[in-house]
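File shown: input_17.csv (CSV, C-alpha atoms).
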```csv
chain,number,residue,atom,x,y,z
W,7,MET,CA,61.7,12.3,69.1
W,8,SER,CA,61.7,12.6,72.9
W,9,ASP,CA,63.9,10.4,75.1
W,10,HIS,CA,60.9,9.5,77.2
W,11,GLY,CA,60.5,5.8,77.7
W,12,ARG,CA,63.7,4.7,76.1
W,13,MET,CA,65.7,2.2,78.2
W,14,HIS,CA,69.2,0.8,78.2
W,15,LEU,CA,71.7,-0.9,80.3
W,16,PRO,CA,74.1,1.6,82.0
W,17,GLY,CA,77.5,2.1,80.4
W,18,PRO,CA,79.9,5.0,80.2
W,19,ASP,CA,78.1,6.7,77.3
W,20,VAL,CA,76.5,4.2,75.0
W,21,ALA,CA,73.4,2.2,75.4
W,22,GLU,CA,74.1,-1.5,75.4
W,23,GLY,CA,70.7,-3.2,75.4
W,24,SER,CA,67.2,-3.1,76.8
W,25,THR,CA,64.1,-5.2,77.0
W,26,SER,CA,60.7,-4.7,75.5
W,27,GLY,CA,59.1,-7.0,78.1
W,28,PRO,CA,60.1,-9.0,81.1
W,29,GLU,CA,60.1,-12.3,79.3
W,30,ALA,CA,63.0,-11.0,77.2
W,31,SER,CA,65.0,-9.6,80.1
W,32,ARG,CA,66.9,-12.8,81.0
W,33,PRO,CA,67.9,-14.9,78.0
W,34,PRO,CA,68.7,-18.6,78.8
W,35,ALA,CA,72.2,-19.3,80.0
W,36,GLY,CA,74.6,-19.5,77.1
W,37,GLN,CA,72.2,-17.7,74.7
W,38,GLN,CA,72.9,-14.1,75.6
W,39,HIS,CA,75.1,-13.5,72.6
W,40,ARG,CA,73.2,-15.7,70.2
W,41,TYR,CA,69.9,-13.9,70.7
W,42,PRO,CA,70.5,-10.2,71.3
W,43,ARG,CA,67.9,-8.4,73.5
W,44,VAL,CA,65.2,-6.4,71.7
W,45,THR,CA,65.8,-2.7,72.6
W,46,SER,CA,63.2,0.0,73.1
W,47,PHE,CA,65.7,2.9,72.5
W,48,ARG,CA,68.0,4.3,69.9
W,49,THR,CA,71.7,4.1,70.7
W,50,ARG,CA,73.2,7.5,71.2
W,51,ARG,CA,76.5,8.8,72.7
W,52,THR,CA,76.0,11.4,75.4
W,53,THR,CA,78.5,13.8,77.0
W,54,LEU,CA,78.2,16.2,79.9
W,55,SER,CA,79.3,19.8,80.2
W,56,ALA,CA,81.9,20.6,82.9
W,57,ALA,CA,79.1,22.0,85.1
W,58,GLN,CA,76.9,19.0,84.6
W,59,GLN,CA,79.8,16.7,85.4
W,60,ALA,CA,80.5,18.6,88.6
W,61,THR,CA,76.8,18.4,89.7
W,62,TRP,CA,76.9,14.6,88.8
W,63,ASN,CA,80.0,14.0,90.9
W,64,ARG,CA,78.4,15.9,93.9
W,65,LEU,CA,74.9,14.5,93.9
W,66,TRP,CA,74.9,11.1,92.1
W,67,PRO,CA,76.5,9.1,95.0
W,68,GLU,CA,73.7,10.2,97.3
W,69,ILE,CA,70.5,10.2,95.1
W,70,GLY,CA,71.5,8.2,92.0
W,71,MET,CA,71.9,4.5,91.4
W,72,GLN,CA,72.8,2.2,88.5
W,73,ALA,CA,70.3,-0.5,87.6
W,74,ARG,CA,73.2,-3.0,86.9
W,75,ASP,CA,76.8,-3.5,87.8
W,76,GLY,CA,78.0,-5.2,84.7
W,77,ASP,CA,75.7,-8.3,84.3
W,78,VAL,CA,74.5,-8.2,87.9
W,79,PRO,CA,71.2,-6.4,88.5
W,80,ALA,CA,70.8,-4.1,91.4
W,81,PRO,CA,69.0,-5.7,94.4
W,82,LEU,CA,65.6,-4.6,95.8
W,83,VAL,CA,65.6,-0.9,96.8
W,84,ASP,CA,65.0,0.0,100.4
W,85,THR,CA,63.1,3.2,99.6
W,86,ASP,CA,62.6,4.1,103.3
W,87,ALA,CA,66.4,4.1,103.8
W,88,TRP,CA,67.1,5.8,100.4
W,89,PHE,CA,64.6,8.7,101.0
W,90,GLY,CA,64.9,8.8,104.7
W,91,ARG,CA,61.2,8.3,105.3
W,92,SER,CA,58.3,6.0,104.6
W,93,ALA,CA,56.0,7.3,101.8
W,94,PRO,CA,54.2,6.1,98.7
W,95,VAL,CA,56.5,5.5,95.8
W,96,VAL,CA,56.0,6.4,92.2
W,97,VAL,CA,58.4,5.1,89.4
W,98,GLU,CA,58.6,7.2,86.2
W,99,ILE,CA,60.1,5.2,83.3
W,100,GLY,CA,61.9,7.4,80.8
W,101,CYS,CA,62.0,10.7,82.6
W,102,GLY,CA,64.1,12.4,79.8
W,103,ALA,CA,65.5,15.7,81.2
W,104,GLY,CA,63.0,15.5,84.1
W,105,THR,CA,60.7,18.5,83.3
W,106,SER,CA,57.6,16.6,84.3
W,107,THR,CA,59.4,14.7,87.1
W,108,LEU,CA,60.5,17.9,88.8
W,109,ALA,CA,57.2,19.7,88.5
W,110,MET,CA,55.1,16.8,89.7
W,111,ALA,CA,57.4,15.9,92.6
W,112,LYS,CA,57.3,19.5,93.8
W,113,ALA,CA,53.5,19.5,93.6
W,114,GLU,CA,53.3,16.2,95.6
W,115,PRO,CA,55.8,16.4,98.4
W,116,ASP,CA,54.2,13.5,100.2
W,117,LEU,CA,55.2,11.1,97.4
W,118,ASP,CA,58.6,9.7,96.7
W,119,VAL,CA,59.6,9.6,93.0
W,120,VAL,CA,62.1,7.3,91.4
W,121,ALA,CA,63.0,8.6,88.0
W,122,VAL,CA,64.4,6.0,85.5
W,123,GLU,CA,66.3,7.1,82.4
W,124,VAL,CA,68.6,5.7,79.8
W,125,TYR,CA,70.7,8.8,79.0
W,126,ARG,CA,73.2,10.3,81.4
W,127,ARG,CA,72.7,13.8,80.0
W,128,GLY,CA,69.0,13.7,80.9
W,129,LEU,CA,69.7,12.5,84.4
W,130,ALA,CA,72.4,15.2,84.8
W,131,GLN,CA,69.8,17.9,83.7
W,132,LEU,CA,67.4,16.5,86.3
W,133,LEU,CA,70.1,16.5,89.0
W,134,SER,CA,70.7,20.2,88.2
W,135,GLY,CA,67.0,21.0,88.5
W,136,ILE,CA,66.8,19.1,91.8
W,137,GLU,CA,69.7,21.1,93.3
W,138,ARG,CA,68.5,24.4,91.8
W,139,GLU,CA,64.9,24.1,93.1
W,140,GLY,CA,65.7,22.1,96.3
W,141,VAL,CA,63.3,19.2,95.6
W,142,PRO,CA,64.1,16.4,98.2
W,143,ASN,CA,61.7,13.7,97.1
W,144,ILE,CA,63.3,12.5,93.8
W,145,ARG,CA,65.8,9.7,93.4
W,146,LEU,CA,67.4,8.6,90.1
W,147,VAL,CA,68.2,5.3,88.5
W,148,ARG,CA,70.2,4.9,85.3
W,149,GLY,CA,69.2,1.8,83.4
W,150,ASP,CA,66.6,-0.3,81.7
W,151,GLY,CA,63.1,0.3,83.0
W,152,VAL,CA,62.0,-3.3,82.9
W,153,ASP,CA,65.2,-4.3,84.7
W,154,VAL,CA,64.4,-1.7,87.4
W,155,LEU,CA,60.8,-3.0,87.8
W,156,GLN,CA,61.9,-6.6,87.8
W,157,HIS,CA,64.8,-6.5,90.2
W,158,MET,CA,64.6,-3.3,92.3
W,159,PHE,CA,60.9,-3.3,93.3
W,160,GLY,CA,58.8,-6.1,94.8
W,161,PRO,CA,55.2,-7.0,94.1
W,162,GLY,CA,52.7,-4.5,95.4
W,163,SER,CA,55.4,-2.0,96.3
W,164,LEU,CA,54.4,1.0,94.1
W,165,THR,CA,51.6,3.5,94.2
W,166,GLY,CA,52.2,4.6,90.7
W,167,VAL,CA,54.1,4.0,87.5
W,168,ARG,CA,54.4,6.8,84.9
W,169,VAL,CA,55.4,6.3,81.3
W,170,PHE,CA,55.2,9.6,79.4
W,171,PHE,CA,55.9,9.7,75.6
W,172,PRO,CA,57.7,6.4,75.1
W,173,ASP,CA,59.4,6.0,71.7
W,174,PRO,CA,56.5,4.9,69.4
W,175,TRP,CA,58.7,3.1,66.9
W,176,PRO,CA,56.2,3.9,64.1
W,177,LYS,CA,57.3,1.4,61.5
W,178,ALA,CA,55.4,-1.9,61.7
W,179,ARG,CA,58.6,-4.0,61.7
W,180,HIS,CA,59.8,-2.0,64.8
W,181,HIS,CA,56.6,-2.4,66.9
W,182,LYS,CA,58.2,-5.2,68.8
W,183,ARG,CA,60.6,-2.6,70.2
W,184,ARG,CA,57.8,-0.6,71.9
W,185,LEU,CA,58.1,-0.5,75.7
W,186,LEU,CA,54.5,-1.1,76.6
W,187,GLN,CA,54.0,-4.6,75.5
W,188,PRO,CA,51.6,-7.1,77.3
W,189,ALA,CA,54.4,-8.6,79.4
W,190,THR,CA,55.7,-5.2,80.5
W,191,VAL,CA,52.2,-4.1,81.4
W,192,ALA,CA,51.7,-7.3,83.4
W,193,LEU,CA,54.9,-6.6,85.3
W,194,ILE,CA,53.8,-3.1,86.0
W,195,ALA,CA,50.4,-4.4,87.3
W,196,ASP,CA,52.3,-6.9,89.6
W,197,ARG,CA,54.4,-4.1,91.1
W,198,LEU,CA,51.5,-1.8,91.7
W,199,ARG,CA,49.7,-2.1,95.0
W,200,PRO,CA,45.9,-2.3,95.0
W,201,GLY,CA,44.6,1.1,94.0
W,202,GLY,CA,47.9,2.0,92.4
W,203,VAL,CA,47.9,3.8,89.1
W,204,LEU,CA,49.5,3.3,85.7
W,205,HIS,CA,49.6,6.6,83.8
W,206,ALA,CA,50.8,6.6,80.2
W,207,ALA,CA,50.8,9.4,77.7
W,208,THR,CA,51.6,9.5,74.0
W,209,ASP,CA,51.1,11.7,71.0
W,210,HIS,CA,51.3,8.8,68.5
W,211,ALA,CA,47.7,7.7,67.6
W,212,GLY,CA,48.8,4.1,66.6
W,213,TYR,CA,50.8,3.6,69.8
W,214,ALA,CA,47.9,5.0,71.9
W,215,GLU,CA,45.6,2.4,70.4
W,216,GLN,CA,48.1,-0.4,71.2
W,217,ILE,CA,48.7,0.8,74.8
W,218,ALA,CA,44.9,1.1,75.3
W,219,GLU,CA,44.4,-2.5,74.0
W,220,VAL,CA,47.2,-3.9,76.1
W,221,GLY,CA,46.2,-2.1,79.3
W,222,ASP,CA,42.5,-3.1,78.9
W,223,ALA,CA,43.5,-6.7,78.4
W,224,GLU,CA,45.5,-6.9,81.6
W,225,PRO,CA,43.1,-8.5,84.1
W,226,ARG,CA,44.6,-6.8,87.1
W,227,LEU,CA,44.0,-3.3,85.7
W,228,ARG,CA,40.8,-1.3,85.4
W,229,ARG,CA,40.5,1.8,83.2
W,230,VAL,CA,40.0,5.0,85.2
W,231,ASN,CA,39.5,8.7,84.4
W,232,PRO,CA,41.6,11.7,85.4
W,233,SER,CA,38.6,13.0,87.4
W,234,ASP,CA,38.4,9.9,89.6
W,235,ALA,CA,39.8,9.9,93.1
W,236,LEU,CA,43.4,8.6,92.6
W,237,PRO,CA,46.4,8.3,95.0
W,238,ILE,CA,48.6,10.3,92.7
W,239,SER,CA,48.2,13.4,90.6
W,240,VAL,CA,47.7,12.9,86.8
W,241,GLU,CA,48.3,16.6,86.1
W,242,ARG,CA,51.4,17.0,83.9
W,243,PRO,CA,53.2,20.1,82.8
W,244,VAL,CA,53.4,20.7,79.1
W,245,THR,CA,57.0,19.9,78.1
W,246,LYS,CA,58.9,21.5,75.2
W,247,TYR,CA,58.6,18.2,73.3
W,248,GLU,CA,54.8,18.0,73.9
W,249,GLY,CA,54.4,21.6,72.9
W,250,LYS,CA,56.1,20.9,69.6
W,251,ALA,CA,53.8,17.9,69.1
W,252,GLN,CA,50.7,19.9,69.8
W,253,HIS,CA,51.9,22.7,67.5
W,254,ALA,CA,52.3,20.1,64.8
W,255,GLY,CA,48.7,19.0,65.3
W,256,SER,CA,49.3,15.8,67.3
W,257,ALA,CA,46.7,15.0,69.9
W,258,VAL,CA,48.0,13.7,73.3
W,259,ALA,CA,46.3,10.6,74.7
W,260,GLU,CA,46.3,10.2,78.4
W,261,LEU,CA,45.8,6.6,79.5
W,262,LEU,CA,45.0,5.6,83.1
W,263,TRP,CA,44.5,2.3,84.8
W,264,GLU,CA,44.0,1.4,88.5
W,265,ARG,CA,45.3,-1.9,90.0
W,266,THR,CA,42.3,-3.9,91.2
```
Encoding of this model in structure tokens:
Amino acid sequence: MSDHGRMHLPGPDVAEGSTSGPEASRPPAGQQHRYPRVTSFRTRRTTLSAAQQATWNRLWPEIGMQARDGDVPAPLVDTDAWFGRSAPVVVEIGCGAGTSTLAMAKAEPDLDVVAVEVYRRGLAQLLSGIEREGVPNIRLVRGDGVDVLQHMFGPGSLTGVRVFFPDPWPKARHHKRRLLQPATVALIADRLRPGGVLHAATDHAGYAEQIAEVGDAEPRLRRVNPSDALPISVERPVTKYEGKAQHAGSAVAELLWERT
């Protein structure tokens, strides 16, 4: 399954925990160890090649950021200072290796894109692509997507939030691990400016139904169509993962809402 949409707290190589909604992101004091956080990712060790590590060492200090320093969340991001300009900001949660991130940022040079990912290897691949293709309007955050939205961006600060192919957790007992739960969608709606867009995509029919239900139930969101006049592009490149899904007969659902 794709890495898209899987979140975790940053660590050397191993995911340590993630939320499936903002109400779960801050357990009451003293209960952090009694009630482990529900995760929306699968734990996996990652290593970088020598070339990837060299690229990481060179670029990460300038265009990368950790969502947390131990138990301390990162503060609000000054995107104007980070990007060196004032522009509409789009957050992509679970960018994977950054295939869509890179292509869409190149096609929309007037937008600033913050790519959030769990796995260091995926971020390293995106860093390599940014350097290779000279794309200046992408910044990277390693950490939990809900953490990032909660602590690093204020209400009404985003023009778009993208969530492409989050882990569907297909077994019923694992549905609580899905990223796009009502509380998370409510948080996204809060962070979007009026007219801002939530764009989700999945090839899992059951998850598509849940996402549609949750998005339609959020009172601050209104369903829109790809053909509508929107402040961000909704044209995605077909990734290797998506191509495999289509070859296997899985239809891809594109789900779009506008912040009212």
In Å, how far is it from atom CA of W:Ile238 to atom CA of W:Val191? 18.7 Å
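Between W:Ala113 and the candidates W:Leu133, W:Ala73, W:Val141, W:Leu204, the tightest atom-to-atom separation, counting all atoms listed in the file, involves W:Val141.
Checking W:Pro176, W:Pro232, W:Gly100, W:Gly202 one by one against W:Gln216, counting all atoms listed in the file, you find the shortest gap at W:Pro176.
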(47.6, -0.3, 71.2) in this file's frame - what residues fall within 12 Å of it? Use all atoms listed in the file and give the answer as number ranges by chain. W: 174, 176, 181-182, 184-188, 191, 206, 208, 210-223, 259, 261
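Summary of the local environment: counting all atoms listed in the file, residues at most 8 Å from W:Pro237, other than itself and those fewer than 6 positions away along its chain, are Thr165, Gly201, Gly202 and Val203 of chain W.
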If you measure from atom CA of W:Gly149 to atom CA of W:Val96, what distance in Å do you get, rounded to one decimal? 16.5 Å
